[in-house]
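So this block is run.tsv, TSV, C-alpha atoms:
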```tsv
chain	number	residue	atom	x	y	z
A	1	MET	CA	-11.15	9.29	16.96
A	2	ALA	CA	-11.41	6.63	14.30
A	3	SER	CA	-8.21	4.67	13.77
A	4	PRO	CA	-6.63	5.76	10.47
A	5	PHE	CA	-4.15	2.90	10.21
A	6	ASP	CA	-6.51	0.52	8.46
A	7	ILE	CA	-8.95	3.16	7.22
A	8	GLU	CA	-9.49	1.55	3.84
A	9	GLU	CA	-10.46	-1.85	5.10
A	10	ILE	CA	-12.40	-1.28	8.32
A	11	TYR	CA	-14.52	1.79	7.76
A	12	PRO	CA	-17.85	1.43	6.02
A	13	ASP	CA	-19.17	4.83	4.99
A	14	ASP	CA	-21.53	5.17	7.93
A	15	GLY	CA	-20.82	8.63	9.23
A	16	GLU	CA	-19.63	8.76	12.81
A	17	HIS	CA	-20.51	5.16	13.67
A	18	SER	CA	-17.45	3.39	12.28
A	19	LEU	CA	-16.92	-0.19	13.38
A	20	ARG	CA	-13.63	-2.04	13.19
A	21	LEU	CA	-14.96	-4.44	10.60
A	22	PRO	CA	-12.52	-5.82	8.03
A	23	ARG	CA	-13.93	-4.98	4.63
A	24	ARG	CA	-11.96	-6.21	1.65
A	25	GLN	CA	-12.07	-4.04	-1.44
A	26	ALA	CA	-10.84	-4.40	-4.98
A	27	GLY	CA	-8.28	-1.63	-5.26
A	28	ASN	CA	-7.45	1.21	-2.89
A	29	SER	CA	-9.99	3.71	-1.61
A	30	PRO	CA	-9.34	7.47	-1.84
A	31	GLN	CA	-9.32	7.69	1.97
A	32	GLY	CA	-6.77	4.89	2.22
A	33	VAL	CA	-4.50	6.50	-0.37
A	34	ALA	CA	-4.81	9.91	1.31
A	35	VAL	CA	-3.87	8.52	4.71
A	36	THR	CA	-0.92	6.60	3.29
A	37	LEU	CA	0.36	9.67	1.46
A	38	LEU	CA	0.14	11.93	4.51
A	39	ALA	CA	1.66	9.30	6.78
A	40	ASP	CA	4.56	8.57	4.44
A	41	TYR	CA	5.67	12.22	4.30
A	42	THR	CA	4.29	14.07	7.34
A	43	VAL	CA	3.83	11.62	10.23
A	44	ARG	CA	7.07	12.87	11.80
A	45	THR	CA	6.40	16.59	11.50
A	46	ARG	CA	2.58	16.68	11.33
A	47	ALA	CA	3.08	19.42	8.76
A	48	ALA	CA	-0.08	21.04	7.39
A	49	LEU	CA	-0.30	20.66	3.61
A	50	PRO	CA	-2.51	22.84	1.41
A	51	SER	CA	-5.65	20.94	0.44
A	52	ALA	CA	-4.91	21.78	-3.20
A	53	ALA	CA	-1.54	20.01	-2.87
A	54	ILE	CA	-3.18	16.92	-1.34
A	55	VAL	CA	-5.72	16.89	-4.17
A	56	ALA	CA	-2.92	17.21	-6.76
A	57	LEU	CA	-0.94	14.33	-5.22
A	58	LEU	CA	-4.03	12.14	-5.06
A	59	ALA	CA	-4.77	12.95	-8.71
A	60	GLU	CA	-1.38	11.45	-9.59
A	61	SER	CA	-2.59	8.22	-7.97
A	62	GLY	CA	-5.77	8.23	-10.04
A	63	VAL	CA	-8.15	9.84	-7.53
A	64	THR	CA	-10.54	12.37	-9.05
A	65	THR	CA	-10.73	15.91	-7.68
A	66	ALA	CA	-14.20	15.25	-6.30
A	67	GLY	CA	-13.08	11.96	-4.76
A	68	ALA	CA	-10.04	13.61	-3.18
A	69	ARG	CA	-12.05	16.46	-1.65
A	70	THR	CA	-14.65	14.03	-0.32
A	71	ALA	CA	-11.91	11.85	1.20
A	72	ILE	CA	-10.31	14.85	2.92
A	73	SER	CA	-13.67	15.97	4.29
A	74	ARG	CA	-14.52	12.54	5.68
A	75	LEU	CA	-11.11	12.05	7.23
A	76	SER	CA	-11.46	15.44	8.89
A	77	ARG	CA	-14.92	14.53	10.19
A	78	ARG	CA	-13.52	11.33	11.69
A	79	GLY	CA	-10.71	13.13	13.49
A	80	VAL	CA	-7.91	11.73	11.34
A	81	LEU	CA	-7.14	15.17	9.85
A	82	GLU	CA	-7.16	18.64	11.38
A	83	GLY	CA	-8.05	21.55	9.12
A	84	SER	CA	-6.89	25.17	9.22
A	85	ARG	CA	-7.48	28.19	7.05
A	86	HIS	CA	-5.26	31.10	5.98
A	87	GLY	CA	-7.25	33.57	3.92
A	88	ARG	CA	-8.82	31.58	1.10
A	89	ARG	CA	-6.37	28.70	1.43
A	90	SER	CA	-7.25	25.64	3.52
A	91	SER	CA	-4.68	23.17	4.82
A	92	TYR	CA	-4.83	19.84	6.58
A	93	ARG	CA	-2.52	17.84	8.79
A	94	LEU	CA	-2.67	14.57	10.67
A	95	SER	CA	-4.14	14.90	14.14
A	96	ARG	CA	-1.79	14.09	16.99
A	97	ALA	CA	-3.69	10.88	17.77
A	98	ALA	CA	-3.68	9.85	14.11
A	99	ALA	CA	0.07	10.40	13.79
A	100	ALA	CA	0.74	8.29	16.89
A	101	ASN	CA	-1.60	5.57	15.63
A	102	LEU	CA	-0.03	5.49	12.19
A	103	SER	CA	3.48	5.39	13.62
A	104	ALA	CA	2.57	2.47	15.89
A	105	GLY	CA	0.77	0.74	13.03
A	106	ALA	CA	3.72	1.07	10.67
A	107	GLN	CA	6.07	-0.22	13.36
A	108	TRP	CA	3.76	-3.19	13.88
A	109	ILE	CA	3.69	-3.98	10.14
A	110	LEU	CA	7.47	-4.21	9.94
A	111	THR	CA	8.04	-6.07	13.20
A	112	SER	CA	5.22	-8.52	12.50
A	113	THR	CA	6.53	-9.48	9.09
A	114	ALA	CA	10.13	-9.76	10.33
A	115	ALA	CA	9.50	-11.67	13.55
A	116	THR	CA	10.58	-15.30	13.90
A	117	THR	CA	8.85	-15.98	17.21
A	118	SER	CA	9.35	-19.52	18.47
A	119	TRP	CA	6.20	-21.55	19.03
A	120	ASP	CA	5.53	-23.82	22.00
A	121	GLY	CA	3.01	-25.99	20.17
A	122	CYS	CA	0.03	-24.63	22.11
A	123	TRP	CA	-3.04	-22.75	20.93
A	124	THR	CA	-4.99	-19.93	22.58
A	125	THR	CA	-8.72	-20.47	22.14
A	126	VAL	CA	-11.37	-17.78	22.58
A	127	ALA	CA	-14.94	-19.06	22.82
A	128	PHE	CA	-17.69	-16.49	23.03
A	129	SER	CA	-21.46	-16.28	22.90
A	130	LEU	CA	-23.46	-13.08	22.48
A	131	PRO	CA	-27.23	-12.56	22.59
A	132	GLN	CA	-29.03	-12.78	19.26
A	133	ASP	CA	-29.84	-9.07	19.28
A	134	ARG	CA	-26.16	-8.09	19.59
A	135	GLY	CA	-25.33	-8.58	15.91
A	136	ALA	CA	-23.34	-5.35	15.57
A	137	GLN	CA	-21.25	-6.14	18.64
A	138	ARG	CA	-20.64	-9.67	17.36
A	139	ARG	CA	-19.42	-8.37	13.99
A	140	ALA	CA	-17.20	-5.80	15.67
A	141	LEU	CA	-15.70	-8.41	17.99
A	142	ARG	CA	-14.94	-10.73	15.08
A	143	GLY	CA	-13.27	-7.93	13.17
A	144	GLN	CA	-11.14	-6.95	16.16
A	145	LEU	CA	-10.13	-10.54	16.86
A	146	ARG	CA	-9.02	-10.95	13.26
A	147	TRP	CA	-7.06	-7.70	13.56
A	148	LEU	CA	-5.30	-9.17	16.61
A	149	GLY	CA	-4.26	-12.29	14.69
A	150	TYR	CA	-7.09	-14.69	15.56
A	151	ALA	CA	-9.08	-16.76	13.08
A	152	PRO	CA	-12.36	-18.69	13.42
A	153	LEU	CA	-11.92	-22.44	13.71
A	154	TYR	CA	-15.68	-22.74	14.20
A	155	ASP	CA	-18.44	-20.17	14.68
A	156	GLY	CA	-17.81	-18.52	18.04
A	157	LEU	CA	-14.49	-20.33	18.51
A	158	TRP	CA	-11.41	-18.28	17.54
A	159	ILE	CA	-7.80	-19.35	17.86
A	160	SER	CA	-4.23	-18.04	17.80
A	161	PRO	CA	-0.92	-19.90	18.13
A	162	TYR	CA	0.32	-17.29	20.61
A	163	GLU	CA	-0.41	-16.25	24.18
A	164	LEU	CA	-3.28	-13.88	24.88
A	165	THR	CA	-1.89	-10.37	24.32
A	166	PRO	CA	-2.72	-7.37	26.53
A	167	GLN	CA	-4.71	-5.90	23.62
A	168	ALA	CA	-6.80	-9.06	23.26
A	169	ARG	CA	-7.28	-9.26	27.02
A	170	GLU	CA	-8.50	-5.66	27.10
A	171	LEU	CA	-10.84	-6.27	24.16
A	172	LEU	CA	-12.44	-9.33	25.75
A	173	GLY	CA	-12.67	-7.57	29.10
A	174	GLN	CA	-14.86	-4.90	27.51
A	175	LEU	CA	-17.66	-7.32	26.58
A	176	SER	CA	-20.80	-5.99	28.24
A	177	ALA	CA	-23.08	-8.85	27.23
A	178	GLY	CA	-22.78	-12.56	26.60
A	179	ARG	CA	-20.06	-14.88	27.84
A	180	VAL	CA	-16.42	-15.52	26.92
A	181	THR	CA	-13.95	-18.26	27.86
A	182	VAL	CA	-10.22	-18.28	27.09
A	183	PHE	CA	-7.90	-21.24	27.46
A	184	ARG	CA	-4.57	-22.42	26.08
A	185	GLY	CA	-3.34	-25.91	25.33
A	186	ARG	CA	-2.23	-28.47	22.78
A	187	GLN	CA	-4.42	-30.16	20.23
A	188	SER	CA	-5.30	-33.77	21.01
A	189	ALA	CA	-5.00	-35.96	17.93
A	190	LEU	CA	-8.00	-38.10	17.03
A	191	GLU	CA	-8.10	-41.12	14.77
A	192	THR	CA	-10.82	-39.77	12.54
A	193	THR	CA	-11.02	-38.13	9.15
A	194	SER	CA	-13.37	-35.49	10.54
A	195	GLN	CA	-10.66	-33.91	12.69
A	196	ARG	CA	-9.83	-30.34	11.72
A	197	ALA	CA	-6.34	-29.05	12.38
A	198	PRO	CA	-6.24	-25.59	14.02
A	199	ILE	CA	-4.06	-24.19	11.22
A	200	GLU	CA	-7.00	-24.79	8.87
A	201	ALA	CA	-8.68	-21.75	10.43
A	202	TRP	CA	-6.49	-19.83	8.00
A	203	ASP	CA	-6.62	-20.32	4.24
A	204	ILE	CA	-2.92	-21.05	3.76
A	205	ASP	CA	-3.16	-21.43	-0.03
A	206	ALA	CA	-4.90	-18.05	-0.32
A	207	ILE	CA	-2.33	-16.34	1.91
A	208	SER	CA	0.50	-17.81	-0.16
A	209	GLY	CA	-1.29	-16.63	-3.28
A	210	HIS	CA	-1.37	-13.05	-1.99
A	211	TYR	CA	2.36	-13.20	-1.32
A	212	GLU	CA	3.06	-14.57	-4.80
A	213	VAL	CA	1.00	-11.82	-6.44
A	214	PHE	CA	2.96	-9.23	-4.44
A	215	LEU	CA	6.30	-10.76	-5.45
A	216	ARG	CA	5.35	-10.92	-9.13
A	217	ARG	CA	4.07	-7.34	-9.10
A	218	TRP	CA	7.06	-5.66	-7.46
A	219	THR	CA	10.16	-7.76	-8.23
A	220	PRO	CA	10.60	-6.34	-11.78
A	221	LEU	CA	10.65	-2.79	-10.36
A	222	VAL	CA	13.68	-3.30	-8.11
A	223	PRO	CA	16.37	-2.95	-10.85
A	224	LEU	CA	14.69	0.26	-12.04
A	225	VAL	CA	14.59	1.64	-8.50
A	226	ARG	CA	18.26	0.83	-7.88
A	227	SER	CA	19.33	2.45	-11.14
A	228	GLY	CA	17.38	5.64	-10.36
A	229	ARG	CA	14.96	5.23	-13.24
A	230	VAL	CA	11.83	5.70	-11.10
A	231	ASP	CA	11.35	9.36	-10.26
A	232	GLY	CA	8.75	12.08	-9.79
A	233	ALA	CA	5.09	11.16	-9.62
A	234	ALA	CA	5.90	7.55	-10.51
A	235	ALA	CA	8.08	7.21	-7.39
A	236	VAL	CA	5.34	8.55	-5.11
A	237	ARG	CA	2.68	6.44	-6.77
A	238	ALA	CA	4.73	3.23	-6.50
A	239	ARG	CA	5.72	3.92	-2.90
A	240	THR	CA	2.12	4.58	-1.90
A	241	GLU	CA	0.86	1.48	-3.65
A	242	VAL	CA	3.54	-0.83	-2.24
A	243	MET	CA	2.77	0.36	1.32
A	244	ASP	CA	-0.99	0.13	0.83
A	245	THR	CA	-0.56	-3.45	-0.38
A	246	PHE	CA	2.10	-4.70	2.01
A	247	ARG	CA	0.36	-3.43	5.15
A	248	ARG	CA	-2.36	-6.06	4.68
A	249	PHE	CA	-0.02	-9.00	5.25
A	250	PRO	CA	0.03	-8.91	9.07
A	251	ILE	CA	-3.74	-9.42	8.95
A	252	LEU	CA	-3.60	-12.14	6.29
A	253	ASP	CA	-0.60	-13.90	7.88
A	254	PRO	CA	-0.33	-12.92	11.57
A	255	ARG	CA	3.13	-14.41	12.23
A	256	LEU	CA	1.84	-17.95	11.83
A	257	PRO	CA	4.55	-20.36	13.08
A	258	LEU	CA	6.85	-21.50	10.32
A	259	GLU	CA	6.59	-25.04	11.71
A	260	LEU	CA	2.99	-25.13	10.50
A	261	LEU	CA	3.62	-23.62	7.08
A	262	PRO	CA	4.90	-24.97	3.76
A	263	ALA	CA	8.64	-24.87	3.07
A	264	ARG	CA	10.07	-21.60	1.77
A	265	TRP	CA	7.16	-19.59	3.09
A	266	PRO	CA	7.35	-16.22	1.21
A	267	ARG	CA	6.89	-13.89	4.20
A	268	ARG	CA	10.57	-12.90	4.43
A	269	ALA	CA	10.97	-12.52	0.66
A	270	ALA	CA	7.95	-10.21	0.54
A	271	ARG	CA	9.27	-8.07	3.39
A	272	GLU	CA	12.71	-7.74	1.76
A	273	LEU	CA	11.08	-6.77	-1.52
A	274	PHE	CA	8.89	-4.20	0.22
A	275	ALA	CA	11.96	-2.64	1.86
A	276	ALA	CA	13.85	-2.52	-1.44
A	277	VAL	CA	11.03	-0.59	-3.13
A	278	TYR	CA	9.89	1.58	-0.20
A	279	ASP	CA	13.37	2.60	0.94
A	280	GLY	CA	14.77	2.85	-2.57
A	281	LEU	CA	12.09	5.34	-3.58
A	282	ALA	CA	12.20	7.47	-0.40
A	283	GLU	CA	14.43	10.24	-1.74
A	284	PRO	CA	12.92	10.73	-5.22
A	285	ALA	CA	9.41	10.50	-3.78
A	286	GLU	CA	10.22	13.08	-1.10
A	287	ARG	CA	11.61	15.45	-3.73
A	288	HIS	CA	8.46	15.18	-5.79
A	289	VAL	CA	6.09	15.68	-2.85
A	290	ARG	CA	8.09	18.75	-1.83
A	291	ALA	CA	7.85	20.13	-5.37
A	292	VAL	CA	4.08	19.62	-5.56
A	293	VAL	CA	3.48	21.16	-2.14
A	294	ALA	CA	5.72	24.14	-3.03
A	295	ARG	CA	3.34	25.06	-5.88
A	296	PHE	CA	0.60	25.80	-3.36
A	297	THR	CA	2.38	27.44	-0.42
A	298	ASP	CA	4.28	30.63	0.27
A	299	THR	CA	5.76	29.48	3.58
A	300	GLY	CA	8.87	27.81	2.21
A	301	GLU	CA	9.92	24.47	3.78
A	302	PRO	CA	6.69	22.47	4.08
A	303	GLY	CA	7.98	19.89	6.57
A	304	VAL	CA	7.84	16.97	4.14
A	305	ARG	CA	9.95	14.07	5.43
A	306	ALA	CA	10.05	10.60	3.92
A	307	HIS	CA	11.16	7.77	6.19
A	308	THR	CA	12.64	4.33	5.70
A	309	THR	CA	11.69	0.91	7.02
A	310	THR	CA	14.48	1.19	9.61
A	311	GLU	CA	12.88	4.36	10.92
A	312	LEU	CA	9.47	2.73	10.92
A	313	VAL	CA	10.78	-0.06	13.13
A	314	THR	CA	12.42	2.32	15.60
A	315	GLY	CA	9.36	4.61	15.52
A	316	VAL	CA	8.82	7.92	13.78
A	317	ARG	CA	6.25	9.42	16.14
A	318	GLY	CA	6.76	12.77	17.78
A	319	ASP	CA	6.45	16.32	16.55
A	320	GLU	CA	9.63	17.39	14.86
A	321	SER	CA	8.97	20.98	13.84
A	322	PRO	CA	8.42	21.33	10.08
A	323	GLY	CA	11.64	23.22	9.52
A	324	GLN	CA	13.83	21.22	11.85
A	325	GLY	CA	16.54	18.84	10.85
A	326	CYS	CA	17.14	16.62	7.85
A	327	ARG	CA	15.73	13.22	7.15
A	328	GLU	CA	17.69	10.66	9.11
A	329	GLU	CA	19.64	8.14	7.10
A	330	ALA	CA	18.73	4.50	7.61
A	331	ALA	CA	21.26	2.48	9.52
A	332	GLY	CA	23.06	-0.27	7.70
```
Let's see the structure in the file written out as C-alpha cells.
Amino acid sequence: MASPFDIEEIYPDDGEHSLRLPRRQAGNSPQGVAVTLLADYTVRTRAALPSAAIVALLAESGVTTAGARTAISRLSRRGVLEGSRHGRRSSYRLSRAAAANLSAGAQWILTSTAATTSWDGCWTTVAFSLPQDRGAQRRALRGQLRWLGYAPLYDGLWISPYELTPQARELLGQLSAGRVTVFRGRQSALETTSQRAPIEAWDIDAISGHYEVFLRRWTPLVPLVRSGRVDGAAAVRARTEVMDTFRRFPILDPRLPLELLPARWPRRAARELFAAVYDGLAEPAERHVRAVVARFTDTGEPGVRAHTTTELVTGVRGDESPGQGCREEAAG
C-alpha cells in the first residue's frame, strides 16, 4: 500500500509505481486534501462516507467534481481507500493500513515540532554510492533520507544531528546495490574560508521564511476562532488547510538543534498557532462534516469524529465503531 501520510508531496502520478520522492507543489493537490479530510474526521472510526459527500466536502475546498472523483479513484487504486457499494450508492473509507499510517504520521508531526531534544554536538553522516544505472533507486533513497530528517552536505553525503534511527538503519540495510558507510562524530574546525558548516546542508533562511509565512497567514484567524465566528464550511476549509500546511514542517525543519539556529526560532510559535486553529475549529468543523454527510446517507450516525492535537499526540488509531462513544475532550 502506498503511504497516504505525505500523499501530496511524494506521489508522482505514475500508476502503481509510486516512489517516496519529495515533490513540492504550489498549492494542495486534490488527493492531499481528500486524505486530510478523511483523516481529520474518520481516522478513529474508519467510517465509510458516501462518495457524493466526499465530493461535496472537497468542492467546498475548491476541488472540482471531476478532480474529486479522480482523486478518490486514484486513492482507492493505491490502497489508501476501500470502496463499497449499496445499491446505486458508493462509499469509501480509509483502509486499515492507511488509518494506522495517518495516525502515526499525525503523532509524529506533533511530537517532532514540540520536541526539545538535547544535542551532543555530534553529527551522523551517511555516505553512499550507487551504480550509474540505479538512478531511480538513488532518487528514492534521497527522498527517504530527507523524510527521515537528513540533508545533503555534498552529493552522496547526507547528515543529521541525531543518532541513526531504527527507520534509517532499516532503510540503509535494504540497499541491494552500491555501498554505504555510516559514522558519527564532531566536526573538526579548519582555518580556511572554504570550510562548510554541517548546518549549511539546510537552508535556514528558507525554513524561517516558511515559518513566518505560516505565522502571518494564521495569526489573524485566532481571535475569530476563539469568538466562534468561524463556522460551517469555512471551519472545515481552514482546518484542512492549516493541517495540510503545518504537516510539512517536520520535513523542512527536522528538529534541528536550537543551539545551531537563530535566536527566537519560530518552531514553537508555529506549533502553538497550529494548535489554536486546529483545536479551536474541531467542534464547528465536525458539525459541518456531519451535516454534509447526513445529506447523502440513510444510516443515521456516520461515525464522524474530529480530534484534537492532544489526541493526535496520544494516538487516535484503532477502530472505534462508527456509533460508539463521543469525541474525547482534550486534556488541559
Got a sec: who's within 8 Å of region 283-286 of chain A, counting all atoms listed in the file, leaving out chain neighbours fewer than 3 positions off, as a list in words?
Tyr41, Val230, Asp231, Gly232, Ala233, Ala235, Val236, Arg239, Gly280, Val289, Arg290, Val304, Arg305 and Ala306 of chain A
Fewer than 4 positions away in the same chain doesn't count, so skip those; otherwise give me all residues within 12 Å of Arg142 (chain A), counting all atoms listed in the file, as a ChimeraX atom specification.
/A:10,19-23,126-130,135-138,146-152,155-159,168,171-172
Could you give me, as an MDAnalysis selection string, the residues that have an atom at most 12 Å away from the point (-5.9, -19.8, 5.7) in the coordinates of the file, using all atoms listed in the file?
chainID A and resid 149:153 197:210 251:254 256 260:261
For Thr42 (chain A), which residue out of A:Arg248, A:Arg264, A:Arg96, A:Arg85 is the nearest one, using only C-alpha atoms?
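Closest residue, counting only C-alpha atoms: A:Arg96.
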Between CA of Ala97 (chain A) and CA of Arg44 (chain A), what is the distance, to one decimal in Å?
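About the pair CA of Ala97 (chain A) and CA of Arg44 (chain A): they are 12.5 Å apart.
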If we count only C-alpha atoms, what is near Arg69 (chain A) at a cut-off of 10 Å, once residues fewer than 3 positions away on the same chain are taken out, given as a VMD selection string?
chain A and resid 30 to 31 51 to 52 54 to 55 58 63 to 66 72 to 75
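Each of A:Tyr278, A:Phe214, A:Tyr162, A:Phe249 was compared to Ala114 (chain A) using only C-alpha atoms, and A:Phe249 turns out to be the nearest.
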Neighbours of point (11.1, -11.4, -0.1) within 12 Å, using all atoms listed in the file, written as JSON, numbers by chain
{"A": [113, 114, 211, 212, 213, 214, 215, 216, 218, 219, 222, 246, 264, 265, 266, 267, 268, 269, 270, 271, 272, 273, 274, 275, 276, 277]}
Tell me which of A:Arg77, A:His86, A:His307, A:Arg229 sits closest to Val43 (chain A), counting all atoms listed in the file.
A:His307
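When CA of Ala53 (chain A) is paired with CA of Ala104 (chain A), their separation reads 26.0 Å.
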So that I can check the surroundings of Glu163 (chain A), please list as an NGL selection string every protein, DNA and RNA residue that reaches within 10 Å of it, counting all atoms listed in the file and ignoring chain neighbours fewer than 4 positions away.
:A and (119-120 or 122-125 or 168 or 183-184)
What does the file look like for those residues with C-alpha atoms, as a PDB file, in the coordinates of the input?
```pdb
ATOM      1  CA  TRP A 119       6.200 -21.550  19.030  1.00  0.00           C
ATOM      2  CA  ASP A 120       5.530 -23.820  22.000  1.00  0.00           C
ATOM      3  CA  CYS A 122       0.030 -24.630  22.110  1.00  0.00           C
ATOM      4  CA  TRP A 123      -3.040 -22.750  20.930  1.00  0.00           C
ATOM      5  CA  THR A 124      -4.990 -19.930  22.580  1.00  0.00           C
ATOM      6  CA  THR A 125      -8.720 -20.470  22.140  1.00  0.00           C
ATOM      7  CA  ALA A 168      -6.800  -9.060  23.260  1.00  0.00           C
ATOM      8  CA  PHE A 183      -7.900 -21.240  27.460  1.00  0.00           C
ATOM      9  CA  ARG A 184      -4.570 -22.420  26.080  1.00  0.00           C
TER      10      ARG A 184
END
```
CA of Ala56 (chain A) to CA of Ser90 (chain A): how many Å, to one decimal?
14.0 Å
Which neighbours of Ser118 (chain A) fall inside 10 Å, counting all atoms listed in the file, when residues of the same chain fewer than 6 positions from it are skipped, and could you give them as a PyMOL selection string?
chain A and resi 162+257-259
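Closest approach to Leu102 (chain A) among A:Arg46, A:Arg255, A:Arg169, A:Arg179 is made by A:Arg46 (distances from all atoms listed in the file).
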